[in-house]
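Shown below: my_file15.txt, with compact mmCIF, C-alpha atoms and all ligand atoms.
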# COMPACT_ATOMS: atom_id res chain seq x y z
CA ARG A 1 3.23 14.17 38.89
CA VAL A 2 -0.20 13.15 40.06
CA ALA A 3 -0.34 13.32 43.82
CA SER A 4 -2.51 10.58 45.17
CA VAL A 5 -4.52 11.03 48.27
CA GLN A 6 -3.33 8.13 50.33
CA THR A 7 -1.59 4.82 49.62
CA CYS A 8 -3.03 1.80 51.32
CA ASP A 9 -2.95 -1.96 51.39
CA PRO A 10 -6.42 -3.20 50.44
CA SER A 11 -5.70 -6.69 51.72
CA SER A 12 -5.66 -5.33 55.26
CA ASP A 13 -8.61 -3.03 54.73
CA SER A 14 -12.04 -3.68 56.18
CA SER A 15 -13.63 -2.96 52.80
CA ASP A 16 -11.99 -6.04 51.24
CA PHE A 17 -14.42 -8.59 49.77
CA LYS A 18 -15.28 -11.32 52.21
CA GLY A 19 -18.17 -12.76 50.29
CA GLU A 20 -20.36 -9.69 50.73
CA TYR A 21 -21.23 -7.24 47.98
CA ALA A 22 -21.12 -3.48 48.17
CA ASN A 23 -24.41 -1.98 49.21
CA TYR A 24 -25.88 -1.06 45.85
CA LYS A 25 -29.19 -1.57 44.03
CA TRP A 26 -27.70 -3.89 41.40
CA ASP A 27 -30.92 -3.98 39.38
CA GLU A 28 -30.54 -0.26 38.70
CA LEU A 29 -27.11 -0.35 37.06
CA GLY A 30 -26.67 1.75 33.95
CA PHE A 31 -23.47 3.06 32.40
CA GLY A 32 -22.49 5.78 34.83
CA LEU A 33 -19.62 6.18 37.24
CA ILE A 34 -20.15 4.53 40.60
CA PRO A 35 -17.11 5.42 42.67
CA THR A 36 -15.37 2.28 43.95
CA ASP A 37 -12.81 1.92 46.75
CA TYR A 38 -9.40 1.99 45.07
CA MET A 39 -7.57 3.04 41.94
CA TYR A 40 -4.08 2.12 40.79
CA VAL A 41 -1.47 4.79 40.05
CA MET A 42 1.97 4.47 38.51
CA ASN A 43 4.38 7.23 37.44
CA CYS A 44 7.20 7.64 34.95
CA SER A 45 9.54 10.56 34.41
CA LYS A 46 10.89 11.31 30.95
CA GLU A 47 14.48 10.64 32.06
CA GLU A 48 13.57 7.18 33.41
CA ASN A 49 11.38 6.44 30.37
CA SER A 50 9.81 3.45 32.10
CA PHE A 51 7.22 3.13 34.81
CA SER A 52 8.27 2.44 38.35
CA LYS A 53 6.27 0.24 40.68
CA GLY A 54 2.73 1.50 41.06
CA SER A 55 0.36 1.25 43.99
CA LEU A 56 -3.28 1.18 44.94
CA VAL A 57 -4.62 4.37 46.44
CA ARG A 58 -8.06 5.38 47.63
CA PHE A 59 -10.30 6.29 44.67
CA GLY A 60 -10.71 10.04 44.57
CA ASN A 61 -9.68 13.35 43.05
CA MET A 62 -6.11 13.87 41.93
CA GLU A 63 -3.87 16.89 41.78
CA MET A 64 -2.38 17.83 38.46
CA ASN A 65 -0.15 20.65 37.26
CA PRO A 66 -2.27 23.15 35.27
CA SER A 67 0.40 22.99 32.57
CA SER A 68 0.28 19.18 32.17
CA GLY A 69 0.34 17.63 28.72
CA ILE A 70 -3.10 16.08 29.06
CA LEU A 71 -4.85 19.24 30.31
CA ASN A 72 -3.29 21.55 27.74
CA TYR A 73 -2.83 19.47 24.62
CA GLY A 74 -4.74 16.24 25.16
CA GLN A 75 -1.70 13.97 25.34
CA GLY A 76 -3.32 10.77 26.58
CA VAL A 77 -4.87 7.43 25.66
CA LEU A 78 -7.56 5.40 27.38
CA GLU A 79 -8.52 1.75 27.46
CA GLY A 80 -11.68 -0.09 28.40
CA LEU A 81 -12.14 -3.69 29.52
CA LYS A 82 -14.43 -5.58 31.84
CA ALA A 83 -14.37 -8.03 34.72
CA TYR A 84 -17.19 -10.59 34.82
CA ARG A 85 -18.50 -12.49 37.82
CA ARG A 86 -19.47 -16.05 36.93
CA GLU A 87 -22.21 -18.10 38.60
CA ASP A 88 -19.52 -19.85 40.69
CA GLU A 89 -18.44 -16.37 41.95
CA LYS A 90 -15.08 -16.51 40.13
CA ILE A 91 -14.10 -13.21 38.55
CA MET A 92 -12.80 -13.34 34.99
CA LEU A 93 -11.08 -10.82 32.71
CA PHE A 94 -11.51 -11.01 28.95
CA ARG A 95 -8.42 -10.83 26.72
CA PRO A 96 -6.72 -8.13 28.85
CA GLU A 97 -3.40 -8.58 27.06
CA LEU A 98 -5.01 -7.16 23.91
CA ASN A 99 -5.78 -3.94 25.81
CA ALA A 100 -2.15 -3.79 26.96
CA MET A 101 -1.00 -4.16 23.35
CA ARG A 102 -3.40 -1.53 22.10
CA MET A 103 -2.28 0.91 24.78
CA LYS A 104 1.33 0.38 23.65
CA ILE A 105 0.44 1.19 20.06
CA GLY A 106 -1.49 4.28 21.18
CA ALA A 107 1.36 5.39 23.44
CA GLU A 108 3.81 5.16 20.55
CA ARG A 109 1.56 7.32 18.36
CA MET A 110 1.14 9.91 21.12
CA CYS A 111 4.87 9.96 22.07
CA MET A 112 4.37 8.50 25.53
CA PRO A 113 6.19 5.67 27.35
CA PRO A 114 3.77 2.73 27.81
CA PRO A 115 3.53 0.42 30.82
CA THR A 116 4.86 -3.06 30.01
CA THR A 117 2.25 -5.77 29.40
CA GLN A 118 3.07 -7.20 32.82
CA GLN A 119 2.66 -3.84 34.53
CA PHE A 120 -0.63 -3.28 32.72
CA LEU A 121 -1.99 -6.71 33.68
CA ASP A 122 -0.85 -6.34 37.31
CA ALA A 123 -2.55 -2.96 37.53
CA ILE A 124 -5.81 -4.39 36.17
CA LYS A 125 -5.76 -7.38 38.48
CA GLN A 126 -4.93 -5.32 41.55
CA THR A 127 -7.64 -2.79 40.74
CA VAL A 128 -10.31 -5.45 40.31
CA HIS A 129 -9.14 -7.41 43.34
CA ALA A 130 -9.19 -4.33 45.57
CA ASN A 131 -12.69 -3.43 44.35
CA LYS A 132 -14.16 -6.91 44.05
CA ARG A 133 -17.16 -6.21 46.25
CA TRP A 134 -18.16 -3.87 43.39
CA VAL A 135 -18.08 -6.57 40.68
CA PRO A 136 -21.84 -7.06 40.19
CA PRO A 137 -23.49 -10.37 41.09
CA PRO A 138 -23.95 -12.80 38.15
CA GLY A 139 -26.61 -11.57 35.75
CA LYS A 140 -26.60 -7.99 37.06
CA GLY A 141 -23.83 -6.44 34.97
CA SER A 142 -20.05 -6.31 34.94
CA MET A 143 -17.20 -4.14 36.16
CA TYR A 144 -15.89 -1.64 33.62
CA ILE A 145 -12.15 -1.02 34.02
CA ARG A 146 -10.69 2.19 32.69
CA PRO A 147 -6.90 2.41 32.31
CA LEU A 148 -5.57 5.87 31.40
CA LEU A 149 -2.11 6.88 30.23
CA LEU A 150 -1.62 10.62 30.63
CA GLY A 151 1.01 13.24 29.95
CA SER A 152 0.97 14.54 33.51
CA GLY A 153 4.15 16.60 33.64
CA PRO A 154 4.17 20.35 32.93
CA ARG A 155 5.09 21.71 29.53
CA LEU A 156 3.99 25.09 28.27
CA GLY A 157 5.12 24.77 24.67
CA VAL A 158 3.66 22.15 22.34
CA GLY A 159 5.51 18.85 22.77
CA PRO A 160 5.60 15.65 24.81
CA ALA A 161 5.15 16.10 28.56
CA SER A 162 7.99 15.71 31.04
CA GLU A 163 6.22 13.06 33.16
CA TYR A 164 3.59 10.39 32.62
CA THR A 165 0.98 8.82 34.83
CA PHE A 166 -0.87 5.56 34.37
CA ILE A 167 -4.12 5.24 36.30
CA THR A 168 -6.66 2.45 36.44
CA TYR A 169 -10.05 2.87 38.05
CA ALA A 170 -13.18 0.76 37.83
CA SER A 171 -16.94 1.07 38.10
CA PRO A 172 -19.75 -1.48 38.04
CA VAL A 173 -21.87 -1.05 34.92
CA GLY A 174 -25.02 -2.27 33.25
CA ASN A 175 -26.06 -1.61 29.65
CA TYR A 176 -24.47 1.26 27.72
CA HIS A 177 -27.66 1.81 25.73
CA GLU A 178 -31.14 1.33 27.10
CA GLY A 179 -34.13 0.92 24.82
CA THR A 180 -34.11 1.09 21.05
CA LEU A 181 -31.01 2.00 19.08
CA ASN A 182 -31.83 4.41 16.27
CA LEU A 183 -28.79 5.77 14.44
CA VAL A 184 -28.30 8.63 12.06
CA VAL A 185 -25.51 8.89 9.50
CA GLU A 186 -23.47 12.05 10.10
CA GLU A 187 -22.45 13.86 6.93
CA ASN A 188 -20.66 16.95 8.19
CA ILE A 189 -18.50 15.89 11.11
CA TYR A 190 -15.84 13.21 10.74
CA ARG A 191 -14.42 11.10 13.53
CA ALA A 192 -11.07 10.31 11.97
CA THR A 193 -8.78 11.23 9.09
CA PRO A 194 -6.09 9.17 7.34
CA GLY A 195 -2.88 9.62 9.31
CA GLY A 196 -4.83 10.86 12.34
CA THR A 197 -5.59 9.15 15.63
CA GLY A 198 -8.81 7.30 14.75
CA CYS A 199 -7.11 3.91 15.00
CA ILE A 200 -5.93 4.38 18.59
CA LYS A 201 -7.90 5.15 21.74
CA ALA A 202 -6.68 8.73 21.94
CA ILE A 203 -8.56 10.76 24.52
CA ILE A 204 -8.90 13.56 21.96
CA ASN A 205 -11.01 11.32 19.70
CA TYR A 206 -14.05 11.58 21.93
CA ALA A 207 -14.79 15.22 22.77
CA SER A 208 -14.32 16.08 19.10
CA ILE A 209 -17.49 14.16 18.22
CA TYR A 210 -19.69 15.48 21.05
CA LYS A 211 -21.21 18.04 18.70
CA ALA A 212 -22.40 15.32 16.31
CA ILE A 213 -23.75 13.17 19.14
CA THR A 214 -25.47 16.11 20.86
CA GLU A 215 -27.17 17.25 17.67
CA ALA A 216 -28.29 13.71 16.84
CA LYS A 217 -29.72 13.22 20.34
CA ALA A 218 -31.57 16.53 20.10
CA LYS A 219 -33.29 15.11 17.01
CA GLY A 220 -34.26 11.93 18.87
CA PHE A 221 -31.53 9.57 17.62
CA SER A 222 -29.52 7.38 19.98
CA ASP A 223 -26.13 7.60 18.29
CA VAL A 224 -24.25 8.68 15.19
CA LEU A 225 -22.68 6.67 12.38
CA PHE A 226 -19.58 8.29 10.91
CA LEU A 227 -18.43 8.10 7.30
CA ASP A 228 -14.86 8.10 6.00
CA SER A 229 -13.52 11.63 5.70
CA LYS A 230 -11.78 11.05 2.37
CA THR A 231 -14.78 10.14 0.22
CA GLY A 232 -17.79 10.48 2.57
CA LYS A 233 -19.10 7.26 0.99
CA ASN A 234 -18.07 4.44 3.30
CA LEU A 235 -19.11 3.49 6.81
CA GLU A 236 -16.54 3.90 9.56
CA GLU A 237 -17.98 3.41 13.05
CA ALA A 238 -20.43 4.77 15.62
CA SER A 239 -19.29 7.14 18.36
CA THR A 240 -18.04 4.43 20.72
CA SER A 241 -18.35 1.21 18.78
CA ASN A 242 -17.61 -0.69 15.58
CA ILE A 243 -20.37 -1.49 13.10
CA PHE A 244 -21.35 -4.74 11.39
CA ILE A 245 -23.97 -5.25 8.71
CA VAL A 246 -25.54 -8.61 7.89
CA LYS A 247 -26.95 -9.74 4.54
CA GLY A 248 -27.97 -13.40 4.43
CA ASN A 249 -25.10 -15.43 5.89
CA VAL A 250 -22.48 -12.77 5.20
CA ILE A 251 -21.35 -10.29 7.82
CA SER A 252 -19.40 -7.20 6.75
CA THR A 253 -17.49 -4.67 8.77
CA PRO A 254 -15.17 -1.81 7.77
CA ALA A 255 -11.54 -2.96 7.56
CA THR A 256 -9.17 -1.52 10.17
CA ASP A 257 -7.00 0.34 7.68
CA GLY A 258 -5.96 3.37 9.74
CA THR A 259 -9.11 5.26 10.66
CA ILE A 260 -11.08 2.53 12.41
CA LEU A 261 -10.56 1.61 16.06
CA PRO A 262 -9.46 -2.05 16.24
CA GLY A 263 -12.03 -3.04 18.84
CA ILE A 264 -11.37 -6.11 20.96
CA THR A 265 -15.09 -6.94 20.89
CA ARG A 266 -14.96 -6.38 17.11
CA LYS A 267 -12.10 -8.88 16.78
CA SER A 268 -13.77 -11.36 19.13
CA ALA A 269 -17.14 -11.04 17.35
CA ILE A 270 -15.44 -11.80 14.02
CA GLU A 271 -13.72 -14.86 15.48
CA VAL A 272 -16.94 -16.10 17.11
CA ALA A 273 -18.90 -15.51 13.89
CA ARG A 274 -16.43 -17.64 11.93
CA VAL A 275 -16.65 -20.43 14.52
CA LEU A 276 -20.45 -20.27 14.13
CA GLY A 277 -20.04 -20.74 10.38
CA TYR A 278 -20.76 -17.24 9.11
CA LYS A 279 -18.71 -15.61 6.38
CA VAL A 280 -17.11 -12.40 7.62
CA GLU A 281 -15.76 -9.74 5.27
CA GLU A 282 -13.51 -6.92 6.48
CA ARG A 283 -13.62 -4.38 3.67
CA SER A 284 -14.87 -0.94 2.64
CA VAL A 285 -18.61 -0.90 3.31
CA PRO A 286 -20.45 1.68 1.17
CA VAL A 287 -23.11 3.53 3.16
CA GLU A 288 -25.70 2.49 0.52
CA GLU A 289 -25.45 -1.10 1.78
CA LEU A 290 -27.36 -0.01 4.85
CA SER A 291 -30.52 0.24 2.80
CA ASP A 292 -30.73 -3.48 2.07
CA ALA A 293 -29.01 -5.06 5.05
CA ASP A 294 -31.03 -7.58 7.09
CA GLU A 295 -29.36 -6.69 10.37
CA VAL A 296 -26.99 -4.08 11.73
CA PHE A 297 -25.21 -4.38 15.06
CA LEU A 298 -22.63 -2.42 17.02
CA THR A 299 -19.77 -3.90 19.03
CA GLY A 300 -17.64 -2.45 21.81
CA THR A 301 -16.53 -3.24 25.33
CA ALA A 302 -19.07 -0.87 26.81
CA MET A 303 -21.73 -1.62 24.16
CA VAL A 304 -21.11 -5.41 24.03
CA ILE A 305 -23.07 -6.49 20.90
CA ASN A 306 -26.04 -4.28 20.41
CA PRO A 307 -28.63 -4.75 17.65
CA VAL A 308 -29.54 -1.59 15.76
CA ASP A 309 -33.25 -0.87 15.28
CA SER A 310 -32.89 1.66 12.50
CA VAL A 311 -30.46 3.82 10.57
CA THR A 312 -31.44 7.11 8.94
CA TYR A 313 -29.34 8.29 6.01
CA GLN A 314 -30.22 11.40 4.03
CA GLY A 315 -33.68 11.37 5.56
CA LYS A 316 -34.42 7.73 4.65
CA ARG A 317 -34.95 5.39 7.56
CA THR A 318 -34.21 1.66 7.25
CA GLU A 319 -35.29 -0.79 9.94
CA TYR A 320 -33.54 -4.05 10.83
CA LYS A 321 -34.29 -7.45 12.28
CA LYS A 322 -33.39 -8.09 15.90
CA GLY A 323 -34.16 -10.74 18.48
CA ALA A 324 -33.78 -14.44 19.04
CA ASP A 325 -33.04 -15.84 15.59
CA THR A 326 -30.66 -13.20 14.30
CA VAL A 327 -26.95 -13.45 13.47
CA GLY A 328 -26.11 -10.68 15.95
CA HIS A 329 -27.95 -12.48 18.73
CA ASN A 330 -26.15 -15.76 18.04
CA ILE A 331 -22.77 -14.03 18.24
CA TYR A 332 -23.86 -12.15 21.38
CA GLU A 333 -24.93 -15.38 23.09
CA MET A 334 -21.65 -17.14 22.39
CA LEU A 335 -19.43 -14.18 23.24
CA THR A 336 -21.18 -13.27 26.51
CA GLY A 337 -21.46 -17.00 27.28
CA ILE A 338 -17.66 -17.25 27.17
CA GLN A 339 -17.24 -14.03 29.19
CA PHE A 340 -19.62 -15.12 31.96
CA GLY A 341 -18.55 -18.78 31.92
CA ARG A 342 -21.82 -20.19 30.52
CA VAL A 343 -20.01 -21.44 27.39
CA GLU A 344 -16.72 -23.34 27.53
CA ASP A 345 -13.83 -21.02 26.66
CA LYS A 346 -12.17 -23.11 23.95
CA MET A 347 -10.36 -20.01 22.70
CA GLY A 348 -8.47 -19.42 25.97
CA TRP A 349 -9.72 -15.82 26.09
CA THR A 350 -10.68 -15.57 29.75
CA VAL A 351 -8.22 -14.95 32.56
CA GLU A 352 -9.14 -15.75 36.12
CA LEU A 353 -8.42 -12.99 38.59
C1 LIG A 401 -15.50 0.98 25.25
O1 LIG A 401 -16.40 0.38 24.69
O2 LIG A 401 -14.78 0.45 26.10
C2 LIG A 401 -15.20 2.35 24.94
O3 LIG A 401 -14.07 2.74 25.01
C3 LIG A 401 -16.30 3.25 24.72
C4 LIG A 401 -16.28 4.27 25.77
C5 LIG A 401 -15.61 5.51 25.32
C6 LIG A 401 -17.51 4.41 26.53
In structure tokens, how does this file's structure come out?
Amino acid sequence: RVASVQTCDPSSDSSDFKGEYANYKWDELGFGLIPTDYMYVMNCSKEENSFSKGSLVRFGNMEMNPSSGILNYGQGVLEGLKAYRREDEKIMLFRPELNAMRMKIGAERMCMPPPTTQQFLDAIKQTVHANKRWVPPPGKGSMYIRPLLLGSGPRLGVGPASEYTFITYASPVGNYHEGTLNLVVEENIYRATPGGTGCIKAIINYASIYKAITEAKAKGFSDVLFLDSKTGKNLEEASTSNIFIVKGNVISTPATDGTILPGITRKSAIEVARVLGYKVEERSVPVEELSDADEVFLTGTAMVINPVDSVTYQGKRTEYKKGADTVGHNIYEMLTGIQFGRVEDKMGWTVEL
């Protein structure tokens, strides 16, 4: 069981938000951890098989048994969502119930008990509320919320852990990528295999691609595009985001058929694109289509919607349109408009804190 440092009631704490922001240079936000005041912790033993009431504790280091499922065998899933401060100072969440659902699907695949949707949503709201002085001022960024579901109990042999811990912490963030986005197609390392964990947010999915990312960065690229491991011919996704290619009025993205992460920004971008009148195809996208696409963009909670400057495949570099009159930009404007309250939320996607 994860021992937390100290339980406390943030409503009676002097650090609670009373209209003042945390002392931070908001113009300098990037995508790095800025420790906030509280995190939310909830435990579940295997016998109980459901989570008991959780609580807010001071953000900080945790104790964990060296033989825990997550430390030894990577039994864990993560989530990512954001809280947005609107011009009127209200704080909004974006489709948080979809993160709860995705965590449930991931938990099932990794043999873990999930928090209920209600428990998940309560944890998110309490975490953001307790840290609201860290939700950046309008126009300066957003608060990234990271729920984790971990096999925390000890188990030496391979198999599901004896106890589980759900943690949610948060950090203010700015852009995930700064500057130009130049991708390279990776032909030796694969992110996911059919029947594997590519379609859930398994913690093990990430460190396994560090080698590809590190090598690409050493060659001056910003990120990697992965191909399907079965044929090596079709696009899958980038290291932390889904990919879309645009040709004329048609937008294409790899179908979520088992190896692709069903991104919530991906889903929302597709829905926004259709409202804007674009045709969206979810299908196999052969890597060759990169060479005559007009635009390429990446989507993800951290990444938002990010236009790609270039993709290099087998040594050939293709450059793409970006900027004001592009399809990606139109989708970005509408989606972030809804998130930050600049565009009316006709979809009912935003949830006030
Ligand atoms: C997100 O976009 O929320 C992700 O999960 C990517 C992350 C691993 C940085």
Item to check | Polymer residues at most 9 Å from Gly263 of chain A, all atoms listed in the file, same-chain spacing of 6 or more positions, as number ranges by chain | outcome: A: 241-242, 299-301
Checklist entry - Suppose you want the space between atom CA of Pro154 of chain A and atom CA of Arg191 of chain A; what is it in Å? => result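 Rounded to one decimal, the two atoms are 28.4 Å apart.
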Next on the checklist: Could you list, as a PyMOL selection string, all protein and nucleic acid residues with an atom at most 8 Å from ligand LIG 401 (chain A), counting only C-alpha atoms and all ligand atoms?
Outcome noted: chain A and resi 78-81+144+146+176+201+206+240-241+299-304
Item to check | atom CA of Ala130 of chain A to atom CA of Gly106 of chain A, straight-line distance in Å | outcome: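 Between these atoms lies a distance of 27.0 Å.
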Item to check | Residues within 12 Å of (-0.4, 13.7, 24.7), counting only C-alpha atoms, listed as a PyMOL selection string | outcome: chain A and resi 68-78+106-113+148-155+158-165+197+201-205
Checklist entry - What's the 7 Å shell around Pro172 of chain A, counting only C-alpha atoms, without same-chain residues fewer than 3 positions away, as a PyMOL selection string? => result chain A and resi 34+134-136+142-144
Closest atom pairs, segment 141-243 of chain A residues within 8 Å of segment 284-298 of chain A, all atoms listed in the file, as CSV:
residue,atom,partner,partner_atom,distance
A:Leu227,CA,A:Val287,CA,7.7
A:Lys233,CA,A:Pro286,CA,5.7
A:Asn234,CA,A:Pro286,CA,4.2
A:Leu235,CA,A:Val287,CA,5.4
A:Ala238,CA,A:Leu298,CA,7.6
A:Ser241,CA,A:Leu298,CA,5.9
A:Asn242,CA,A:Leu298,CA,5.5
A:Ile243,CA,A:Leu298,CA,4.6
Sort by chain and increasing residue number a table of all residues of segment 262-308 of chain A within 9 Å of segment 325-341 of chain A, each with its closest pair of atoms and their distance in Å to one decimal, counting all atoms listed in the file, and write it as a tab-separated table.
residue	atom	partner	partner_atom	distance
A:Thr265	CA	A:Leu335	CA	8.8
A:Ser268	CA	A:Leu335	CA	7.5
A:Ala269	CA	A:Ile331	CA	6.4
A:Ile270	CA	A:Ile331	CA	8.7
A:Val272	CA	A:Ile331	CA	6.3
A:Ala273	CA	A:Ile331	CA	6.0
A:Leu276	CA	A:Ile331	CA	7.8
A:Tyr278	CA	A:Val327	CA	8.5
A:Glu295	CA	A:Gly328	CA	7.6
A:Val296	CA	A:Gly328	CA	7.9
A:Phe297	CA	A:Gly328	CA	6.4
A:Val304	CA	A:Tyr332	CA	7.7
A:Ile305	CA	A:Tyr332	CA	5.7
A:Asn306	CA	A:Gly328	CA	7.8
A:Pro307	CA	A:Gly328	CA	6.7
Checklist entry - So how many Å separate atom CA of Leu183 of chain A and atom CA of Lys140 of chain A, to one decimal? => result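 These two atoms are separated by 26.6 Å.
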